[in-house]
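Undergrad: Quick one: the structure is below, and I'll ask about it shortly.
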Amino acid sequence: MNRKRHLSNLWMKLFGSALLLLGIFACVPAPAAEANYFSDLYKGLQNFSELPGEVNQLQENYQETVEELQQTKDELSETVDALGQTQEQMEAYRSQNEALQEQNRQLSLVVDELKNDRTARENYYNRIKVTVITGFALILGYFLIIRLLRFTMRHRSRRGDRLR
């Protein structure tokens, strides 16, 4: 797109230069018609002698335009090279991004597996804890019930001794 704009600018410059030259020739007053052959011949020779200067000016303008065109081509070539490098970098980033996404997916699976293992381990420890606490509670309850039964049996046996 930049190349097209630059080329259109070059053509506009060439067109403007041509219009400027045409305008200059149109504005220069035409010599009045005279019947003097020698003055006409002199003026014709004078105009003919000025033509190489104008041709040289046109050649210089053409050479400048060619140089600008070459400069534009060089800039365009550099831009295309930079664009190619940018595309290569984008491809490298894209492949690196895909690799990182795959690595991230694998890490997520490992993290999920570790979380599941930790949850299973915590559940196992909780069951062991509940089992141990229940065992202590049963043993404590057994001893308490035995003590309570002994106490009530003694108390009843003393009451029975008193009543006799």
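For the structure tokens, the naming scheme is as follows: chains receive sequential letters (A, B, ...) according to their order of presentation, residues are indexed from 1 within each chain, and ligands are indexed from 1 in presentation order.
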Pick out the residues sitting within 12 Å of A:Lys4, and hand them over as a list in words; count only C-alpha atoms, and ignore anything fewer than 5 positions along from it in its own chain.
TA: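 Near neighbours after the sequence-gap exclusion: Asn9, Leu10, Trp11, Leu69, Thr72, Lys73 and Leu76 of chain A.
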Undergrad: Would you pick out the contacts of A:Gln70 at 12 Å or less, using only C-alpha atoms, so that residues sharing its chain but fewer than 6 positions from it are not included, and give the list as a ChimeraX atom specification?
TA: /A:3,6-7,10,63-64,76-77
Undergrad: Okay, now the selection with C-alpha atoms, as a PDB file, in the first residue's frame?
TA:
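So result.pdb came out as:
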```
ATOM      1  CA  ARG A   3       4.494   1.398  -2.462  1.00  0.00           C
ATOM      2  CA  HIS A   6       4.810   6.381  -3.307  1.00  0.00           C
ATOM      3  CA  LEU A   7       4.478   5.464  -6.987  1.00  0.00           C
ATOM      4  CA  LEU A  10       6.125  10.019  -8.272  1.00  0.00           C
ATOM      5  CA  GLN A  63      17.521  11.632 -13.442  1.00  0.00           C
ATOM      6  CA  GLU A  64      16.183  12.945 -10.096  1.00  0.00           C
ATOM      7  CA  LEU A  76      10.182  -1.019  -0.412  1.00  0.00           C
ATOM      8  CA  SER A  77      12.689  -3.859  -0.522  1.00  0.00           C
TER       9      SER A  77
END
```
Undergrad: Would you please work out which residue, of A:Arg159, A:Arg5, A:Lys13, A:Arg127, is nearest to A:Tyr62 when using only C-alpha atoms?
TA: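 When distances to A:Tyr62 are compared using only C-alpha atoms, the smallest one comes from A:Lys13.
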